[in-house]
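What's in work.cif: mmCIF, C-alpha atoms
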data_final
#
loop_
_atom_site.label_atom_id
_atom_site.label_comp_id
_atom_site.auth_asym_id
_atom_site.auth_seq_id
_atom_site.Cartn_x
_atom_site.Cartn_y
_atom_site.Cartn_z
CA MET A 61 -39.04 -22.62 2.28
CA VAL A 62 -36.33 -21.50 4.76
CA ILE A 63 -34.98 -25.04 4.99
CA GLY A 64 -34.93 -25.14 1.21
CA ILE A 65 -32.83 -21.99 0.98
CA VAL A 66 -30.41 -23.23 3.66
CA LEU A 67 -30.07 -26.55 1.85
CA ALA A 68 -29.52 -24.78 -1.47
CA ILE A 69 -26.78 -22.63 0.05
CA LEU A 70 -25.13 -25.67 1.62
CA VAL A 71 -25.16 -27.56 -1.69
CA PHE A 72 -23.81 -24.51 -3.55
CA ARG A 73 -21.10 -24.13 -0.93
CA LEU A 74 -20.16 -27.81 -1.28
CA PHE A 75 -19.35 -27.29 -4.95
CA TYR A 76 -18.07 -23.70 -4.82
CA VAL A 77 -15.58 -23.81 -1.93
CA PRO A 78 -12.33 -25.54 -2.95
CA ASN A 79 -11.53 -28.82 -1.23
CA ASP A 80 -8.27 -27.60 0.26
CA PHE A 81 -9.99 -24.93 2.32
CA GLU A 82 -9.04 -25.70 5.90
CA SER A 83 -7.45 -24.33 9.06
CA GLY A 84 -3.69 -24.10 9.39
CA GLU A 85 -1.63 -24.45 12.55
CA ARG A 86 -2.92 -21.14 13.88
CA GLY A 87 -6.53 -22.27 14.01
CA PHE A 88 -9.74 -20.98 12.50
CA MET A 89 -9.36 -17.36 13.63
CA TYR A 90 -6.05 -16.60 11.96
CA SER A 91 -5.59 -19.20 9.28
CA TYR A 92 -8.67 -20.65 7.60
CA TYR A 93 -7.66 -20.54 3.98
CA ARG A 94 -7.15 -22.21 0.61
CA GLN A 95 -3.99 -24.19 1.34
CA SER A 96 -2.77 -24.19 -2.27
CA ASN A 97 -2.52 -20.38 -2.23
CA GLU A 98 0.75 -20.63 -0.31
CA LEU A 99 2.24 -22.47 -3.27
CA GLU A 100 0.93 -19.83 -5.67
CA TRP A 101 2.86 -17.16 -3.76
CA GLU A 102 5.93 -19.38 -3.68
CA ASN A 103 5.89 -19.68 -7.47
CA GLN A 104 5.95 -15.96 -8.21
CA PRO A 105 8.87 -15.07 -10.49
CA ILE A 106 12.07 -13.76 -8.89
CA LYS A 107 13.44 -10.59 -10.50
CA TYR A 108 16.37 -9.42 -8.39
CA LEU A 109 19.10 -12.07 -8.36
CA ASP A 110 22.13 -10.28 -6.94
CA THR A 111 22.82 -11.09 -3.30
CA GLY A 112 24.51 -7.85 -2.29
CA LYS A 113 27.87 -7.20 -0.68
CA GLN A 114 27.26 -9.54 2.25
CA HIS A 115 27.55 -12.46 -0.18
CA MET A 116 29.99 -10.67 -2.51
CA HIS A 117 27.43 -10.21 -5.30
CA GLU A 118 27.19 -13.98 -5.75
CA PHE A 119 25.17 -13.81 -8.93
CA CYS A 120 26.92 -10.98 -10.79
CA ILE A 121 30.45 -12.14 -9.96
CA GLU A 122 30.02 -15.31 -12.04
CA CYS A 123 30.52 -13.39 -15.30
CA HIS A 124 31.49 -9.89 -14.19
CA SER A 125 34.16 -10.83 -11.65
CA HIS A 126 36.49 -8.09 -12.86
CA GLU A 127 33.85 -5.38 -12.48
CA VAL A 128 32.86 -6.62 -9.05
CA GLU A 129 36.50 -6.61 -7.91
CA ILE A 130 37.36 -3.11 -9.10
CA ARG A 131 34.48 -1.66 -7.15
CA THR A 132 36.02 0.22 -4.25
CA GLU A 133 35.26 -1.86 -1.24
CA ASP A 134 34.71 0.95 1.23
CA LEU A 135 32.54 3.33 -0.80
CA HIS A 136 29.93 2.32 -3.36
CA GLY A 137 30.70 -1.35 -2.83
CA VAL A 138 27.78 -1.58 -0.41
CA ILE A 139 25.22 -0.79 -3.11
CA ALA A 140 23.71 -3.85 -4.75
CA CYS A 141 24.49 -3.94 -8.51
CA GLU A 142 20.83 -4.15 -9.48
CA ASN A 143 19.91 -0.89 -7.72
CA CYS A 144 21.32 0.99 -10.72
CA HIS A 145 21.67 -1.72 -13.37
CA GLY A 146 18.09 -2.94 -13.04
CA PRO A 147 16.70 -6.34 -12.06
CA ALA A 148 18.53 -9.24 -13.69
CA LEU A 149 15.42 -11.40 -14.40
CA ASP A 150 16.74 -14.10 -16.79
CA HIS A 151 19.79 -12.05 -17.77
CA PRO A 152 21.92 -12.74 -19.85
CA ILE A 153 19.21 -14.42 -21.98
CA HIS A 154 16.27 -12.17 -21.28
CA PRO A 155 17.07 -9.30 -21.22
CA GLU A 156 20.36 -9.64 -23.06
CA LYS A 157 21.52 -6.22 -21.90
CA LEU A 158 20.29 -4.52 -18.76
CA GLU A 159 18.95 -1.01 -18.85
CA ILE A 160 21.23 1.10 -16.65
CA ASP A 161 19.80 3.99 -14.68
CA ARG A 162 22.31 6.82 -15.18
CA SER A 163 19.99 9.62 -14.08
CA ARG A 164 20.78 12.32 -11.55
CA GLU A 165 17.81 11.13 -9.54
CA VAL A 166 19.43 7.82 -8.67
CA CYS A 167 22.48 9.60 -7.17
CA LEU A 168 20.38 12.23 -5.43
CA ARG A 169 18.61 9.57 -3.40
CA CYS A 170 21.61 9.59 -1.09
CA HIS A 171 23.61 12.66 -2.14
CA THR A 172 21.02 15.40 -1.68
CA LEU A 173 22.31 17.60 1.13
CA LEU A 174 20.09 17.14 4.17
CA THR A 175 21.47 18.68 7.34
CA TYR A 176 20.43 15.83 9.60
CA THR A 177 23.36 15.51 11.99
CA THR A 178 21.68 12.80 14.05
CA SER A 179 21.05 10.48 11.12
CA GLU A 180 23.49 8.28 9.22
CA ARG A 181 22.92 10.71 6.38
CA LYS A 182 25.58 13.01 7.93
CA ARG A 183 28.33 10.66 6.75
CA ILE A 184 27.32 10.90 3.09
CA PRO A 185 28.65 13.91 1.16
CA GLY A 186 25.71 15.88 -0.20
CA ILE A 187 25.01 18.63 -2.73
CA ASP A 188 22.17 21.00 -3.38
CA PRO A 189 20.58 19.56 -6.56
CA LYS A 190 19.35 23.02 -7.59
CA GLU A 191 22.85 24.55 -7.56
CA HIS A 192 25.45 21.84 -8.24
CA MET A 193 26.13 21.39 -12.01
CA THR A 194 22.46 21.40 -12.93
CA GLU A 195 22.96 20.84 -16.69
CA TYR A 196 25.00 17.65 -16.32
CA GLU A 197 24.35 14.08 -15.30
CA CYS A 198 26.48 13.10 -12.29
CA VAL A 199 28.14 10.23 -14.17
CA GLU A 200 29.62 12.66 -16.73
CA CYS A 201 32.22 13.70 -14.11
CA HIS A 202 31.98 11.16 -11.29
CA ASN A 203 32.72 7.46 -11.74
CA PRO A 204 29.94 5.65 -9.90
CA HIS A 205 32.11 2.56 -9.35
CA ASN A 206 35.00 4.57 -7.91
CA PRO A 207 33.55 7.82 -6.62
CA ARG A 208 36.65 9.06 -4.74
CA LEU A 209 37.17 12.72 -5.60
CA GLU A 210 40.97 12.36 -5.73
CA ASP A 211 40.62 9.69 -8.47
CA MET A 212 38.45 11.90 -10.66
CA MET B 35 -39.25 -26.81 37.30
CA LYS B 36 -38.09 -25.08 40.43
CA ARG B 37 -35.66 -22.22 40.24
CA ARG B 38 -33.09 -24.19 42.31
CA ASP B 39 -33.36 -27.21 40.02
CA PHE B 40 -33.02 -25.08 36.94
CA LEU B 41 -29.84 -23.45 38.27
CA LYS B 42 -28.40 -26.82 39.31
CA LYS B 43 -29.09 -28.31 35.90
CA SER B 44 -27.70 -25.38 33.98
CA ILE B 45 -24.51 -25.46 36.05
CA LEU B 46 -24.21 -29.15 35.27
CA VAL B 47 -24.69 -28.56 31.54
CA ILE B 48 -22.20 -25.70 31.42
CA ALA B 49 -19.64 -27.69 33.42
CA GLY B 50 -20.18 -30.72 31.22
CA ALA B 51 -19.80 -28.71 28.04
CA SER B 52 -16.70 -26.82 29.14
CA VAL B 53 -14.68 -29.73 30.49
CA PRO B 54 -14.18 -31.64 27.22
CA LEU B 55 -13.36 -28.37 25.39
CA SER B 56 -10.57 -27.42 27.76
CA ALA B 57 -9.34 -31.00 27.92
CA LEU B 58 -9.14 -31.10 24.12
CA GLN B 59 -7.19 -27.86 24.03
CA MET B 60 -4.62 -29.15 26.46
CA VAL B 61 -3.68 -32.13 24.32
CA ASP B 62 -4.26 -30.64 20.87
CA PRO B 63 -1.20 -31.93 18.99
CA LYS B 64 -1.39 -29.15 16.43
CA LYS B 65 -0.85 -26.56 19.14
CA VAL B 66 2.12 -28.43 20.54
CA LEU B 67 3.58 -28.66 17.04
CA ALA B 68 3.03 -24.96 16.43
CA GLU B 69 5.16 -24.18 19.47
CA ASN B 70 8.05 -26.12 17.96
CA LEU B 71 7.90 -25.15 14.31
CA ASP B 72 11.22 -24.88 12.55
CA ILE B 73 10.63 -21.60 10.76
CA HIS B 74 9.00 -18.36 11.86
CA TRP B 75 10.03 -15.32 9.87
CA ALA B 76 10.81 -12.03 11.60
CA PHE B 77 12.18 -8.69 10.48
CA LEU B 78 14.71 -6.37 12.10
CA ILE B 79 14.95 -2.68 11.20
CA ASP B 80 17.85 -0.54 12.40
CA THR B 81 16.61 3.05 12.15
CA PHE B 82 20.08 4.38 12.95
CA LYS B 83 21.39 3.00 9.65
CA CYS B 84 18.62 4.22 7.34
CA VAL B 85 19.47 7.26 5.19
CA GLY B 86 16.16 7.43 3.34
CA CYS B 87 17.46 6.52 -0.13
CA GLY B 88 14.29 4.60 -0.95
CA PHE B 89 16.03 1.82 -2.89
CA CYS B 90 14.02 -0.66 -0.82
CA VAL B 91 10.72 0.84 -1.99
CA LYS B 92 11.86 0.80 -5.61
CA ALA B 93 13.06 -2.81 -5.38
CA CYS B 94 9.84 -3.91 -3.67
CA LYS B 95 7.62 -2.28 -6.27
CA THR B 96 9.61 -3.81 -9.13
CA GLU B 97 9.87 -7.28 -7.61
CA ASN B 98 6.20 -7.51 -6.72
CA ASN B 99 4.66 -5.69 -9.73
CA ILE B 100 3.07 -2.86 -7.78
CA PRO B 101 2.19 -0.03 -10.22
CA PHE B 102 5.03 2.49 -9.94
CA GLU B 103 3.13 5.75 -10.17
CA ALA B 104 0.17 4.69 -8.01
CA ASN B 105 0.40 6.12 -4.52
CA VAL B 106 0.37 2.70 -2.83
CA THR B 107 3.32 0.66 -1.67
CA ARG B 108 4.03 -2.46 0.37
CA THR B 109 6.92 -0.84 2.18
CA TRP B 110 7.71 2.80 2.71
CA VAL B 111 10.14 5.08 4.53
CA GLU B 112 9.04 7.88 6.84
CA ARG B 113 11.07 10.99 7.66
CA TYR B 114 10.87 12.49 11.15
CA VAL B 115 12.24 16.00 11.67
CA TYR B 116 12.23 17.63 15.13
CA THR B 117 13.08 21.30 15.24
CA LYS B 118 14.76 23.07 18.13
CA ASP B 119 11.57 24.98 18.91
CA ASP B 120 9.97 21.56 19.55
CA ARG B 121 7.91 21.12 16.43
CA ARG B 122 7.70 17.69 14.83
CA TYR B 123 7.30 17.06 11.13
CA ILE B 124 6.65 13.70 9.51
CA ASP B 125 6.41 13.03 5.79
CA SER B 126 6.76 10.24 3.27
CA PRO B 127 6.31 11.60 -0.27
CA LYS B 128 5.27 8.69 -2.56
CA GLY B 129 6.39 6.37 0.26
CA ALA B 130 9.97 7.56 -0.45
CA LEU B 131 9.93 5.71 -3.77
CA TYR B 132 12.40 8.26 -5.16
CA GLY B 133 14.12 8.89 -1.84
CA TYR B 134 14.28 12.23 -0.06
CA THR B 135 15.68 14.70 -2.56
CA ASP B 136 14.10 17.79 -0.99
CA PRO B 137 15.03 19.28 2.40
CA ARG B 138 11.51 20.73 2.61
CA ILE B 139 8.80 18.75 4.37
CA ASP B 140 5.94 17.54 2.18
CA MET B 141 2.82 18.71 4.03
CA GLY B 142 0.44 17.21 1.46
CA MET B 143 -1.89 18.97 -1.00
CA GLY B 144 1.13 20.46 -2.79
CA GLU B 145 2.28 22.37 0.28
CA TYR B 146 5.89 22.30 1.41
CA LYS B 147 7.36 23.43 4.69
CA GLU B 148 10.74 25.13 4.57
CA ILE B 149 12.89 24.28 7.59
CA ASP B 150 15.95 26.30 8.55
CA PRO B 151 18.93 23.87 8.62
CA ASP B 152 20.19 25.47 11.84
CA ASN B 153 16.84 24.83 13.48
CA VAL B 154 16.89 21.04 12.91
CA GLY B 155 17.28 19.37 16.28
CA LYS B 156 17.15 15.73 15.37
CA ALA B 157 15.99 13.95 12.26
CA PHE B 158 15.86 10.35 11.21
CA PHE B 159 14.27 7.90 8.80
CA VAL B 160 12.10 4.91 9.66
CA PRO B 161 11.40 2.16 7.12
CA LYS B 162 8.03 0.49 7.55
CA LEU B 163 6.33 -2.60 6.23
CA CYS B 164 3.78 -5.20 7.29
CA ASN B 165 4.60 -6.38 10.81
CA HIS B 166 3.34 -9.94 10.19
CA CYS B 167 1.76 -9.92 13.65
CA ILE B 168 1.34 -13.11 15.67
CA THR B 169 -2.31 -12.18 16.30
CA PRO B 170 -3.13 -10.19 13.15
CA PRO B 171 -6.38 -8.19 13.26
CA CYS B 172 -6.57 -8.21 9.45
CA THR B 173 -7.06 -11.97 9.12
CA GLN B 174 -9.78 -12.01 11.79
CA VAL B 175 -12.02 -9.58 9.94
CA CYS B 176 -11.85 -11.23 6.51
CA PRO B 177 -15.39 -12.45 5.73
CA VAL B 178 -14.32 -15.03 3.13
CA GLY B 179 -11.06 -16.48 4.48
CA ALA B 180 -8.92 -14.88 1.80
CA THR B 181 -6.21 -13.60 4.12
CA TYR B 182 -4.42 -15.81 6.57
CA LYS B 183 -1.35 -16.38 8.66
CA ALA B 184 0.74 -19.15 7.12
CA ASP B 185 2.39 -21.66 9.42
CA ASN B 186 5.78 -20.00 8.95
CA GLY B 187 4.46 -16.71 10.30
CA VAL B 188 3.86 -14.82 7.05
CA VAL B 189 0.48 -13.11 6.59
CA LEU B 190 -0.69 -13.59 2.98
CA VAL B 191 -3.65 -12.64 0.80
CA ASP B 192 -5.31 -15.16 -1.52
CA ARG B 193 -5.70 -12.99 -4.63
CA SER B 194 -8.16 -15.29 -6.37
CA TRP B 195 -10.39 -15.58 -3.28
CA CYS B 196 -10.33 -11.94 -2.09
CA ILE B 197 -13.57 -10.08 -2.86
CA GLY B 198 -12.02 -6.64 -2.32
CA CYS B 199 -14.30 -5.54 0.51
CA GLY B 200 -11.48 -3.64 2.23
CA TYR B 201 -12.23 -4.73 5.80
CA CYS B 202 -8.63 -5.85 6.34
CA ILE B 203 -7.30 -2.51 5.08
CA MET B 204 -9.41 -0.83 7.77
CA ALA B 205 -8.43 -3.36 10.44
CA CYS B 206 -4.66 -3.00 10.09
CA PRO B 207 -3.45 -0.55 12.77
CA TYR B 208 -0.23 0.05 10.84
CA GLY B 209 -1.73 1.00 7.49
CA ALA B 210 0.33 -1.73 5.85
CA ARG B 211 -2.45 -2.91 3.56
CA PHE B 212 -3.79 -1.21 0.47
CA PHE B 213 -6.13 -1.80 -2.43
CA HIS B 214 -4.25 -3.03 -5.50
CA PRO B 215 -5.08 -0.49 -8.23
CA THR B 216 -5.12 -2.94 -11.15
CA LEU B 217 -5.97 -6.31 -9.61
CA HIS B 218 -8.70 -4.84 -7.34
CA VAL B 219 -7.83 -7.01 -4.35
CA ALA B 220 -6.26 -6.24 -0.99
CA ASP B 221 -2.49 -6.33 -1.18
CA LYS B 222 0.30 -6.29 1.36
CA CYS B 223 3.92 -7.21 2.02
CA THR B 224 4.47 -10.96 1.66
CA PHE B 225 8.04 -10.90 3.02
CA CYS B 226 8.79 -11.76 -0.66
CA TYR B 227 7.38 -15.24 -0.05
CA HIS B 228 8.75 -16.50 -3.38
CA ARG B 229 12.27 -15.49 -2.34
CA ILE B 230 12.48 -16.45 1.34
CA THR B 231 11.10 -19.92 0.66
CA LYS B 232 14.02 -20.42 -1.74
CA GLY B 233 16.64 -19.26 0.75
CA MET B 234 17.04 -15.71 -0.57
CA ASP B 235 16.57 -12.42 1.27
CA THR B 236 13.60 -10.22 0.50
CA ALA B 237 14.03 -7.68 -2.31
CA CYS B 238 14.17 -4.76 0.16
CA VAL B 239 16.81 -6.42 2.37
CA ASN B 240 18.89 -7.06 -0.76
CA ALA B 241 18.53 -3.52 -2.04
CA CYS B 242 19.41 -1.75 1.23
CA PRO B 243 23.03 -0.55 0.90
CA PHE B 244 23.41 0.16 4.62
CA GLY B 245 21.99 -3.00 6.18
CA ALA B 246 19.12 -1.17 7.86
CA ARG B 247 16.80 -4.06 7.00
CA LYS B 248 17.46 -7.62 8.07
CA MET B 249 15.45 -10.83 8.06
CA CYS B 250 15.77 -13.90 10.24
CA ASN B 251 14.13 -17.09 11.34
CA ILE B 252 13.26 -16.22 14.92
CA ARG B 253 13.06 -19.91 15.90
CA ASP B 254 16.73 -20.40 15.00
CA ILE B 255 18.57 -19.13 18.07
CA ASP B 256 21.95 -19.37 16.33
CA ASP B 257 20.93 -16.86 13.66
CA PRO B 258 22.91 -13.63 14.25
CA ILE B 259 19.83 -11.47 13.64
CA THR B 260 17.73 -13.55 16.04
CA LYS B 261 20.48 -12.98 18.60
CA ILE B 262 20.20 -9.23 18.14
CA ILE B 263 16.43 -9.39 18.67
CA MET B 264 16.90 -11.52 21.77
CA ASN B 265 19.84 -9.71 23.34
CA GLN B 266 19.55 -6.05 22.37
CA ARG B 267 16.99 -3.38 23.12
CA VAL B 268 14.45 -3.63 20.33
CA GLY B 269 10.93 -2.26 20.17
CA VAL B 270 7.78 -2.91 18.19
CA LEU B 271 5.14 -0.54 16.85
CA LYS B 272 1.86 -0.06 18.74
CA ASP B 273 2.58 -2.73 21.32
CA GLU B 274 -0.57 -1.74 23.23
CA PHE B 275 -2.76 -3.12 20.42
CA GLY B 276 -1.73 -6.65 21.41
CA THR B 277 -0.98 -7.64 17.83
CA LYS B 278 2.49 -8.96 18.74
CA PRO B 279 4.32 -7.57 15.67
CA GLN B 280 7.21 -9.53 14.22
CA ALA B 281 9.01 -6.50 12.78
CA PHE B 282 11.44 -5.32 15.43
CA TYR B 283 12.98 -1.85 15.48
CA ILE B 284 16.28 -0.59 16.88
CA GLY B 285 16.15 3.07 17.88
CA LEU B 286 12.42 3.72 18.07
CA ALA B 287 11.15 7.13 19.19
CA GLN B 288 7.85 7.78 20.93
CA GLU B 289 6.48 9.54 17.87
CA VAL B 290 7.09 6.53 15.62
CA ARG B 291 3.90 4.52 15.71
#

Full structure transcribed into structure tokens:
Amino acid sequence: MVIGIVLAILVFRLFYVPNDFESGERGFMYSYYRQSNELEWENQPIKYLDTGKQHMHEFCIECHSHEVEIRTEDLHGVIACENCHGPALDHPIHPEKLEIDRSREVCLRCHTLLTYTTSERKRIPGIDPKEHMTEYECVECHNPHNPRLEDM
Amino acid sequence: MKRRDFLKKSILVIAGASVPLSALQMVDPKKVLAENLDIHWAFLIDTFKCVGCGFCVKACKTENNIPFEANVTRTWVERYVYTKDDRRYIDSPKGALYGYTDPRIDMGMGEYKEIDPDNVGKAFFVPKLCNHCITPPCTQVCPVGATYKADNGVVLVDRSWCIGCGYCIMACPYGARFFHPTLHVADKCTFCYHRITKGMDTACVNACPFGARKMCNIRDIDDPITKIIMNQRVGVLKDEFGTKPQAFYIGLAQEVR
């Protein structure tokens, strides 16, 4: 009876467990897995395509070279385009136009006044969101691509 | 059988059984290869540069389809505020998905702690994510072999094989794992496996405006980030657990764990 159950489990296991189940380089304890799963993770779709300032916005500059150039290098130039413009996905085919986040919330992520003198936050000008121009969106007065106050 | 004979024989058996095992381990070619792999991913976080904007959390959630409003996230940012009367406050509302737009500390359960700006001694932000440990406790406890450490150092979860028992979520000392609210499997940071294998940076590294997050191949000693990890004073979280984390931090404080 017991031998029968063990045999049944072994036979079931033979058919149920995928063939590519085996140990990786790290041995049984850390990597005993379905090897093809690595490929499944590799084939997930990429959404964000811009490469950021370090690579001069490699993806966006192909079509929007003018816009990338006029961005003031020393201020908002460090922010990746897609942080506000949304993930590119297959843009310009799908979606044809990106949905731009123009909300106050996106600016307040950095520009809420926090009096943290020991953090890098001290270098960013901040406002109190409950007092500063509460009825308006920031972009109605400030140009997000050239935020210098003297150019307003 | 005499007691002396029994002891002699058992010593012989144990010695005989242990010799081939150790001999095998010494010449195991897989182990030798593992020492010389070309790629082993590591992460470097500079806490001095983080301003707590939370763009990394937003990018991660979008890139990896983690439900936005659910209170789970693969990466998050913590805020540490020390007051001059030596009180310490730590919070991370929604994992800083929308950044820190409130000077008050979120104490949980809808309570907020007002802090006098003049009383703030030091304050800083610490981004966190899966440490992709060299000896991960989470993969050891998985009863079905659904989570594993890939040969390039990334700890992954097999979504179709995971039974959702939650052992790995309990085992992780860093709280980096969570239960996926719609897929009902364990989920965690994959170092954006689909991006790094194609030569791109992870979504969070890309989104960080201040360069607080960096990735590197720690086996490539010419990589500038690898050089920072090798030459500068970096720390890891919960070193005493022996997990050998691969996320290195610049500017760690004792309270950051």

Query - Long-range neighbours of B:Glu274 as a list in words, 12 Å cut-off, all atoms listed in the file, 4 positions minimum in chain - result: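 Neighbouring residues, sequence-local ones excluded: Pro207, Gly269, Val270, Lys278, Pro279 and Arg291 of chain B.
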
Query - Distance-based interface of chain A with chain B, 7 Å, counting all atoms listed in the file, as a PyMOL selection string - result: chain A and resi 84-86+89-93+97+101-104+106-108+111-112+138-140+143+168-170+172+174-176+178-181

Using all atoms of stretch 65-74 of chain A that appear in the file, construct an axis-aligned enclosing box with 3 Å of padding on every side and provide its centre coordinates and edge lengths in Å, rounded to one decimal, as JSON.
{"center_x": -26.5, "center_y": -24.9, "center_z": 0.1, "size_x": 18.7, "size_y": 11.8, "size_z": 13.2}

Query raised in the report: Quick one, how far is atom CA of A:Glu127 from atom CA of A:Met212?
Result: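 One can read the atom CA of A:Glu127 to atom CA of A:Met212 distance as 18.0 Å.
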
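For A:Arg164, the set of protein, DNA and RNA residues having any atom at most 10 Å away, when counting only C-alpha atoms and skipping those fewer than 5 positions along the same chain, is Arg169, His171, Pro189, Thr194, Tyr196, Glu197, Cys198 and Val199 of chain A.
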
Query raised in the report: If I put a ball of radius 6 Å at (0.9, -0.4, -0.2) in the file's coordinates, which residues poke into it when counting all atoms listed in the file, written as a PyMOL selection string?
Result: chain B and resi 106-108+211-212

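For the pair atom CA of A:Lys182 and atom CA of A:Val166, the interatomic distance is 18.4 Å.
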
Query - Picked residues, the PyMOL selection byres ((chain A and resi 150) around 12), as number ranges by chain - result: A: 105-110, 119, 146-149, 151-158

Quick one: residues within 12 Å of B:Gly142, only C-alpha atoms, excluding same-chain residues fewer than 5 positions away - as a PDB file with C-alpha atoms, keeping the file's coordinate frame?
ATOM      1  CA  TYR B 123       7.300  17.060  11.130  1.00  0.00           C
ATOM      2  CA  ILE B 124       6.650  13.700   9.510  1.00  0.00           C
ATOM      3  CA  ASP B 125       6.410  13.030   5.790  1.00  0.00           C
ATOM      4  CA  SER B 126       6.760  10.240   3.270  1.00  0.00           C
ATOM      5  CA  PRO B 127       6.310  11.600  -0.270  1.00  0.00           C
ATOM      6  CA  LYS B 128       5.270   8.690  -2.560  1.00  0.00           C
ATOM      7  CA  LYS B 147       7.360  23.430   4.690  1.00  0.00           C
TER       8      LYS B 147
END

**Report entry** Distance query B:Leu163 at most 9 Å, only C-alpha atoms, self and fewer than 6 positions along chain excluded, as a PyMOL selection string
**Finding:** chain B and resi 108-111+208-210+222-223+281

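Applied to the shown file, the PyMOL selection byres ((chain A and resi 203) around 12) selects the residues A:Ile130, A:Arg131, A:Thr132, A:Leu135, A:His136, A:Arg162, A:Cys167, A:Glu197, A:Cys198, A:Val199, A:Glu200, A:Cys201, A:His202, A:Pro204, A:His205, A:Asn206, A:Pro207, A:Arg208, A:Leu209, A:Glu210, A:Asp211, A:Met212.
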
Report task. Could you jot down the atom CA of A:Val77 to atom CA of B:Pro177 separation for me, Å, one decimal place? Result ->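 Here the two named atoms are 13.7 Å from each other.
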